[in-house]
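Visitor: My structure is below; once you've seen it, I'll send some questions.
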Amino acid sequence: MWAQGAFLGLMLVSGATAMAQGIIHVTPQQPIYYGPNQFQTSIDINGDGVPDFTLFGPAPGTSVDNVVLAPLGDNSVIAIPEPPPDLGYLVAALNQGTSIGSSLDPILGAQWYNNQTDQFGYALIGAMATIDNQISVIGYFAGQPSAYAGFDLYYNGANHYGWLQIANPLPVVAGQVVDWAYESSANTPILAGAGVPEPGAAVQLVLGLAGVCWSGRNGHGNQRMPHQRRHAGSNDRRSGVLPGRPSSMTATPKAAMWARGAVLALMLALFTGSARAQGTIVYVVPQQPIYYGPVIDQSTDIDLNGDGVVDYTLISQFGETDLQPHGQNSMVVVPEPPPDYGSFVAPLVEGDVVNPTPSSLNPVFAWFDSSTDPFGYSLIAAMNTAGPLGYFFDGIHYVGLEFESGGNFYYGWMEIDSPSPDVAYGQVLGWAYETTPNTPIPAGAVPEPSTLSLLLISGAALWLVRNRLCQSER
Ligand SMILES: [Ca+2]
Ligand SMILES: [Ca+2]
């Protein structure tokens, strides 16, 4: 609220005309997460102190896990009636660029929904139910990294159209309201996603070098990846020595990510020998996002060092996600005290040094022991009737790793983003390991060669890659 006020204040100062008529864009100060758990969040679109929509779940009296959006007052949201015999409405998930206005002709089957439209007073973002042991999900947002809900904000006796961006990348009903915008001019249509300010100069600088040749060519970039992989010497993920740490994967366009992979490949090819001699850290960002969630029956094999031998498997099964080490590999866990069995993966914070004695970090930490563990894996996060289980909620955590390769043991870390405070889902952002055996590594640490050589290396590599790829583009 405060930030929003400050933002509006800034706009008043810097662009009074834009304020008088135009699109107002708002990024909430606190992330607005949702999941099929008890919660209620009021959204005040225009920051006037009057809530305009309520996001909550599960709706009272319903037997499924659902999340709904209720328009308050005279506000409305674009929704699609459920097919008979079901009752109710589903919030429409619009693509970027969809026109939101009084006429909804271009949006098949959709209509404006307000709290007088039916007996419920809300439309579903999504719902999950277990039918014959199978999870069934309804709603239009599940599995969409970015989609828009269109709304009509009614104030000063007029309609003001706008959009809410929702990120719900997994096929579950859990996600986040990212931001929103609305037309301050009455009765003026808005395009979904329109009105977001250009990224700041600093961000463009960071991305600029890598993206200089490939921006806007995401589709082509993907096609060339197999060729580049041969240079990287790894199957399907990038590995290498990174000069810096990305603040977030999602903040980096795919093209820039890909370019970085190319840079890493070259850096590895050219400088691996000397880097190894110093003892160094290899940092890996997976090429494909590794998501996990409570209702996805899937496993993801993780080959930390790209040698073709799977080191860990991330197992998502009904209700929980687990980490399974292979061979003599292990990770830092919190063993459950008897009479309970098993363990939870320990949530290391940045800077915790992964070392032979995890209890030095916390007395309850220990290495996972597959010779005595009854399951063979450790729990990352789960949801059950008692609530959330495990430690991977509410932000970034690290897993401390010890893995074996070629008869030697190496320490490493894995970074996991678990955005929700109580819904067990998230993403493995990346991992790193020490290339010198038996050498402790601080969680979150990435390679730090000497500044000068780093600059030379990255400059040379970037130049080479740029030229190579720009030429091949022609
Ligand atoms: Ca309001
Ligand atoms: Ca491996």
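Every chain in the structure tokens has a letter given in the order shown (A, B, ...), and although residue numbers restart at 1 in each chain, ligands are simply numbered from 1 in the order shown.
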Determine, counting only C-alpha atoms, which protein, DNA and RNA residues have an atom within 8 Å of an atom of Ile138 of chain A; residues of the same chain fewer than 2 positions away are not included. Present the result as a VMD selection string.
Guide: chain A and resid 126 to 128 136 140 142
Visitor: Go ahead and write the selection's residues with N, CA and C atoms as a CSV table (one decimal), in the first residue's frame.
Guide:
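out-v7.csv, freshly written:
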```csv
chain,number,residue,atom,x,y,z
A,126,GLY,N,-9.5,-21.6,-9.9
A,126,GLY,CA,-9.3,-23.0,-10.2
A,126,GLY,C,-9.7,-23.8,-9.0
A,127,ALA,N,-9.9,-25.1,-9.3
A,127,ALA,CA,-10.2,-26.1,-8.2
A,127,ALA,C,-9.6,-27.4,-8.5
A,128,MET,N,-9.3,-28.1,-7.4
A,128,MET,CA,-8.7,-29.4,-7.6
A,128,MET,C,-9.5,-30.4,-6.7
A,136,SER,N,-7.9,-34.1,-10.4
A,136,SER,CA,-8.5,-33.4,-11.5
A,136,SER,C,-8.5,-31.9,-11.2
A,140,TYR,N,-8.7,-22.1,-15.7
A,140,TYR,CA,-8.0,-21.8,-16.9
A,140,TYR,C,-6.5,-21.4,-16.6
A,142,ALA,N,-4.2,-23.0,-14.4
A,142,ALA,CA,-3.3,-24.0,-14.0
A,142,ALA,C,-2.4,-24.3,-15.2
```
Visitor: All residues within 9 Å of ligand 1 are required, counting only C-alpha atoms and all ligand atoms; please report them as a list in words.
Guide: Ile43, Asp44, Ile45, Asn46, Gly47, Asp48, Gly49, Val50, Pro51, Asp52, Phe53, Leu153 and Tyr155 of chain A
Visitor: Which residues of chain A have any atom within 8 Å of an atom in ligand 2 when counting only C-alpha atoms and all ligand atoms, and what is the closest pair of atoms for each, with the distance in Å to one decimal? Order the rows by chain and rising number and write it as JSON lines.
Guide:
```
{"residue": "A:Ile302", "atom": "CA", "partner": "ligand 2", "partner_atom_place_in_ligand_line": "1 (Ca)", "distance": 7.6}
{"residue": "A:Asp303", "atom": "CA", "partner": "ligand 2", "partner_atom_place_in_ligand_line": "1 (Ca)", "distance": 4.2}
{"residue": "A:Leu304", "atom": "CA", "partner": "ligand 2", "partner_atom_place_in_ligand_line": "1 (Ca)", "distance": 5.1}
{"residue": "A:Asn305", "atom": "CA", "partner": "ligand 2", "partner_atom_place_in_ligand_line": "1 (Ca)", "distance": 4.8}
{"residue": "A:Gly306", "atom": "CA", "partner": "ligand 2", "partner_atom_place_in_ligand_line": "1 (Ca)", "distance": 5.4}
{"residue": "A:Asp307", "atom": "CA", "partner": "ligand 2", "partner_atom_place_in_ligand_line": "1 (Ca)", "distance": 4.8}
{"residue": "A:Gly308", "atom": "CA", "partner": "ligand 2", "partner_atom_place_in_ligand_line": "1 (Ca)", "distance": 5.7}
{"residue": "A:Val309", "atom": "CA", "partner": "ligand 2", "partner_atom_place_in_ligand_line": "1 (Ca)", "distance": 4.0}
{"residue": "A:Val310", "atom": "CA", "partner": "ligand 2", "partner_atom_place_in_ligand_line": "1 (Ca)", "distance": 4.9}
{"residue": "A:Asp311", "atom": "CA", "partner": "ligand 2", "partner_atom_place_in_ligand_line": "1 (Ca)", "distance": 5.0}
{"residue": "A:Ser405", "atom": "CA", "partner": "ligand 2", "partner_atom_place_in_ligand_line": "1 (Ca)", "distance": 6.9}
```
Visitor: Please compute the atom CA of Tyr89 of chain A-atom CA of Val67 of chain A distance, one decimal, in Å.
Guide: 12.2 Å
Visitor: So, counting only C-alpha atoms, which residue among A:Asn95, A:Ser76, A:Gln144, A:Ser371 is closest to Gln111 of chain A?
Guide: A:Ser76
Visitor: Excluding Ala110 of chain A and any residue of its chain fewer than 5 positions from it, enumerate the residues within 7 Å of it, using only C-alpha atoms, and give them as a list in words.
Guide: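 Everything that qualifies: Ile78, Ala79, Ile80 and Leu104 of chain A.
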Visitor: Please tabulate, as a tab-separated table, the residues of segment 344-449 of chain A that come within 10 Å of segment 25-36 of chain A, each with its closest pair of atoms and the distance in Å to one decimal, counting only C-alpha atoms and ordering rows by chain, then residue number upward.
Guide:
```
residue	atom	partner	partner_atom	distance
A:Pro419	CA	A:Tyr33	CA	7.8
A:Ser420	CA	A:Tyr33	CA	6.1
A:Pro421	CA	A:Tyr33	CA	8.1
A:Asp422	CA	A:Gly35	CA	7.9
A:Val423	CA	A:Gly35	CA	6.0
A:Ala424	CA	A:Gly35	CA	9.2
A:Tyr425	CA	A:Gly35	CA	9.8
```
Visitor: Under the rule that only C-alpha atoms are counted, which of A:Ala70, A:Leu170, A:Val428, A:Ala186 is the nearest residue to Pro289 of chain A?
Guide: A:Val428
Visitor: Nearest residue to Leu55 of chain A out of A:Thr321, A:Thr188, A:Asn114, A:Gln38, using only C-alpha atoms?
Guide: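 Among the listed residues, A:Gln38 lies closest to Leu55 of chain A.
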Visitor: Could you please write out, as an NGL selection string, every residue of segment 276-432 of chain A that DSSP assigns to strand (DSSP E or B)?
Guide: :A and (281-286 or 290-292 or 298-302 or 312-317 or 320-325 or 330-335 or 343-345 or 348 or 353-354 or 366-367 or 378-384 or 387-390 or 395-405 or 408-418 or 426-432)
Visitor: Suppose we keep C-alpha atoms; can you now write the selection as a PDB file, in the first residue's frame?
Guide:
```
ATOM      1  CA  ILE A 281      33.266 -23.883  -8.203  1.00  0.00           C
ATOM      2  CA  VAL A 282      31.141 -25.022 -11.084  1.00  0.00           C
ATOM      3  CA  TYR A 283      27.732 -23.385 -11.218  1.00  0.00           C
ATOM      4  CA  VAL A 284      24.877 -24.868 -13.216  1.00  0.00           C
ATOM      5  CA  VAL A 285      21.548 -23.398 -14.267  1.00  0.00           C
ATOM      6  CA  PRO A 286      19.243 -26.039 -15.748  1.00  0.00           C
ATOM      7  CA  ILE A 290      12.681 -27.953 -12.833  1.00  0.00           C
ATOM      8  CA  TYR A 291       9.342 -27.448 -11.125  1.00  0.00           C
ATOM      9  CA  TYR A 292       7.928 -29.530  -8.341  1.00  0.00           C
ATOM     10  CA  GLN A 298       6.727 -36.980 -12.013  1.00  0.00           C
ATOM     11  CA  SER A 299      10.407 -37.389 -11.364  1.00  0.00           C
ATOM     12  CA  THR A 300      13.305 -35.266 -12.511  1.00  0.00           C
ATOM     13  CA  ASP A 301      16.767 -36.778 -12.651  1.00  0.00           C
ATOM     14  CA  ILE A 302      19.547 -34.394 -11.814  1.00  0.00           C
ATOM     15  CA  TYR A 312      19.776 -37.131  -7.429  1.00  0.00           C
ATOM     16  CA  THR A 313      16.139 -37.521  -8.383  1.00  0.00           C
ATOM     17  CA  LEU A 314      13.485 -35.005  -7.452  1.00  0.00           C
ATOM     18  CA  ILE A 315      10.308 -37.006  -6.947  1.00  0.00           C
ATOM     19  CA  SER A 316       6.918 -35.301  -6.994  1.00  0.00           C
ATOM     20  CA  GLN A 317       4.122 -37.599  -6.027  1.00  0.00           C
ATOM     21  CA  GLU A 320       4.635 -34.459  -1.474  1.00  0.00           C
ATOM     22  CA  THR A 321       7.981 -33.829  -3.094  1.00  0.00           C
ATOM     23  CA  ASP A 322      11.123 -35.741  -2.113  1.00  0.00           C
ATOM     24  CA  LEU A 323      14.811 -35.761  -2.907  1.00  0.00           C
ATOM     25  CA  GLN A 324      16.378 -39.143  -3.587  1.00  0.00           C
ATOM     26  CA  PRO A 325      20.177 -39.476  -3.652  1.00  0.00           C
ATOM     27  CA  SER A 330      23.865 -37.747   0.305  1.00  0.00           C
ATOM     28  CA  MET A 331      22.338 -34.455   1.399  1.00  0.00           C
ATOM     29  CA  VAL A 332      21.925 -32.595   4.650  1.00  0.00           C
ATOM     30  CA  VAL A 333      18.690 -33.590   6.365  1.00  0.00           C
ATOM     31  CA  VAL A 334      16.824 -33.242   9.620  1.00  0.00           C
ATOM     32  CA  PRO A 335      16.163 -36.800  10.786  1.00  0.00           C
ATOM     33  CA  SER A 343      13.821 -37.268   7.413  1.00  0.00           C
ATOM     34  CA  PHE A 344      13.238 -33.801   6.043  1.00  0.00           C
ATOM     35  CA  VAL A 345      15.686 -32.149   3.687  1.00  0.00           C
ATOM     36  CA  LEU A 348      20.314 -24.231   4.482  1.00  0.00           C
ATOM     37  CA  VAL A 353      29.159 -23.927   4.641  1.00  0.00           C
ATOM     38  CA  VAL A 354      28.446 -27.430   3.368  1.00  0.00           C
ATOM     39  CA  ALA A 366      22.915 -34.764   9.651  1.00  0.00           C
ATOM     40  CA  TRP A 367      23.868 -36.464   6.403  1.00  0.00           C
ATOM     41  CA  SER A 378      13.968 -37.335   2.173  1.00  0.00           C
ATOM     42  CA  LEU A 379      10.993 -35.007   2.165  1.00  0.00           C
ATOM     43  CA  ILE A 380      11.317 -31.516   0.726  1.00  0.00           C
ATOM     44  CA  ALA A 381       7.751 -30.379   1.261  1.00  0.00           C
ATOM     45  CA  ALA A 382       4.263 -31.811   1.567  1.00  0.00           C
ATOM     46  CA  MET A 383       0.716 -30.776   2.210  1.00  0.00           C
ATOM     47  CA  ASN A 384      -1.626 -32.956   4.151  1.00  0.00           C
ATOM     48  CA  GLY A 387      -1.020 -28.601   7.041  1.00  0.00           C
ATOM     49  CA  PRO A 388       2.339 -28.005   5.453  1.00  0.00           C
ATOM     50  CA  LEU A 389       5.209 -30.399   6.187  1.00  0.00           C
ATOM     51  CA  GLY A 390       8.887 -29.871   5.548  1.00  0.00           C
ATOM     52  CA  GLY A 395      11.372 -18.239  -0.277  1.00  0.00           C
ATOM     53  CA  ILE A 396      14.850 -19.356  -1.244  1.00  0.00           C
ATOM     54  CA  HIS A 397      16.578 -22.231   0.523  1.00  0.00           C
ATOM     55  CA  TYR A 398      19.599 -24.393  -0.202  1.00  0.00           C
ATOM     56  CA  VAL A 399      20.175 -28.119  -0.023  1.00  0.00           C
ATOM     57  CA  GLY A 400      23.635 -29.196   1.147  1.00  0.00           C
ATOM     58  CA  LEU A 401      25.001 -31.925  -1.117  1.00  0.00           C
ATOM     59  CA  GLU A 402      27.779 -34.501  -0.966  1.00  0.00           C
ATOM     60  CA  PHE A 403      28.194 -36.557  -4.107  1.00  0.00           C
ATOM     61  CA  GLU A 404      30.606 -39.139  -5.400  1.00  0.00           C
ATOM     62  CA  SER A 405      32.234 -39.086  -8.812  1.00  0.00           C
ATOM     63  CA  ASN A 408      36.063 -38.874  -4.995  1.00  0.00           C
ATOM     64  CA  PHE A 409      33.523 -36.969  -2.904  1.00  0.00           C
ATOM     65  CA  TYR A 410      32.490 -33.407  -3.633  1.00  0.00           C
ATOM     66  CA  TYR A 411      30.429 -30.856  -1.734  1.00  0.00           C
ATOM     67  CA  GLY A 412      27.776 -28.747  -3.377  1.00  0.00           C
ATOM     68  CA  TRP A 413      24.489 -26.938  -2.972  1.00  0.00           C
ATOM     69  CA  MET A 414      21.160 -26.787  -4.744  1.00  0.00           C
ATOM     70  CA  GLU A 415      19.040 -23.643  -4.727  1.00  0.00           C
ATOM     71  CA  ILE A 416      15.276 -24.075  -4.440  1.00  0.00           C
ATOM     72  CA  ASP A 417      12.663 -21.353  -4.700  1.00  0.00           C
ATOM     73  CA  SER A 418       9.496 -22.217  -2.776  1.00  0.00           C
ATOM     74  CA  GLY A 426       8.427 -24.528  -6.326  1.00  0.00           C
ATOM     75  CA  GLN A 427      11.418 -24.698  -8.600  1.00  0.00           C
ATOM     76  CA  VAL A 428      15.045 -25.826  -8.517  1.00  0.00           C
ATOM     77  CA  LEU A 429      16.879 -22.730  -9.697  1.00  0.00           C
ATOM     78  CA  GLY A 430      20.349 -24.207  -9.985  1.00  0.00           C
ATOM     79  CA  TRP A 431      23.230 -25.806  -8.180  1.00  0.00           C
ATOM     80  CA  ALA A 432      26.988 -25.588  -7.731  1.00  0.00           C
TER      81      ALA A 432
END
```
Visitor: Using only C-alpha atoms, which of A:Gln287, A:Pro169, A:Ser184, A:Ala174 sits nearest Asn156 of chain A?
Guide: A:Ser184
Visitor: Between atom CA of Asp369 of chain A and atom CA of Asp394 of chain A, what distance in Å does the model show, to one decimal?
Guide: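 Going from atom CA of Asp369 of chain A over to atom CA of Asp394 of chain A covers 27.2 Å.
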